[in-house]
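Enquirer: Got a structure for you, questions after.
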Amino acid sequence: MAAPSFETLIKKGTSVTEEQLQTLLRTTDPKGTPYADLLGRHSYNTPEDALAELCKLLGLEFIKDIPVNDIAVDIVRGIPINYAKTQEVLPFKDEADRVIVLTTNPVNHKALEDLRVKFGKRVTALVTTSSR
């Protein structure tokens with residue numbers, strides 16, 4: 001049985017839209033190689049595998065297993081539950097100069113900007129899959 005395609009796994013495990021995915025796949029690395037070609041060189045068995053590889057290309061951090069006890073409950077309380085669910089974002093850690101936010105969509109800049117305004121700090125995305 002053939003491994004699922006990169007696109008199928010990303011759609012299954014994240015909130016990345018089809019349009020966002022196609023834009024990402026057309027993006028090129030510094031040598032001019034499209035991400036679609038770079039990502040097509042590997043086979044992926046899970047959404048986590050595919051998303052971790054995409055994060056490497058984008059220079060973003062990926063976390064497979066979220067340490068639930070590390071989630072800063074006090075900052076989560078300030079986010080409406082419906083917003084967190086629809087945008088698939090969750091504040092994770094509050095640091096002196098930034099808030100680290102869990103997200104399933106590293107290119108959802110609007111949600112990250114909303115949280116930057118909400119917290120008045122720089123927001124850093126920590127990417128994970130929807131299944132977490």
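Ordering of the structure tokens sets the chain letters (A, B, ...); residue numbers start at 1 within each chain; ligands are numbered from 1 in the order shown.
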Using DSSP secondary structure from the backbone, list all alpha helix (DSSP H) positions within chain A, as a ChimeraX atom specification.

Expert: /A:6-13,18-26,35-40,47-58,73-76,81-87,109-119

Enquirer: For segment 39-46 of chain A, list every protein, DNA or RNA residue within 7 Å, evaluated using only C-alpha atoms, and leave out those in the same chain fewer than 4 positions away; present the list as a ChimeraX atom specification.

Expert: /A:3-4,6,9,35,50

Enquirer: List as a list in words the protein and nucleic acid residues near segment 93-106 of chain A, meaning an atom at most 7 Å away when only C-alpha atoms are counted, but skip any in the same chain fewer than 2 places from it.

Expert: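 Counting only the stated atoms, we get Thr14, Ser15, Val16, Ile71, Ala72, Glu88, Val89, Leu90, Pro91, Asn108, Lys121, Arg122, Val123, Thr124, Ala125, Leu126, Val127, Thr128, Thr129 and Ser130 of chain A.
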
Enquirer: Among chain A, which residues does DSSP mark as strand (DSSP E or B) when it is run on the backbone? Keep the chain and numbering as in the structure and answer as a list in words.

Expert: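 Of chain A, the ones in strand (DSSP E or B) are Thr28, Pro34, Glu61, Phe62, Val89, Leu90, Pro91, Phe92, Lys93, Asp94, Arg98, Val99, Ile100, Val101, Leu102, Thr103, Arg122, Val123, Thr124, Ala125, Leu126 and Val127 of chain A.
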
Enquirer: Under the rule that only C-alpha atoms are counted, which of A:Pro47, A:Thr33, A:Gln87, A:Val73 is the nearest residue to Ala111 of chain A?

Expert: A:Gln87
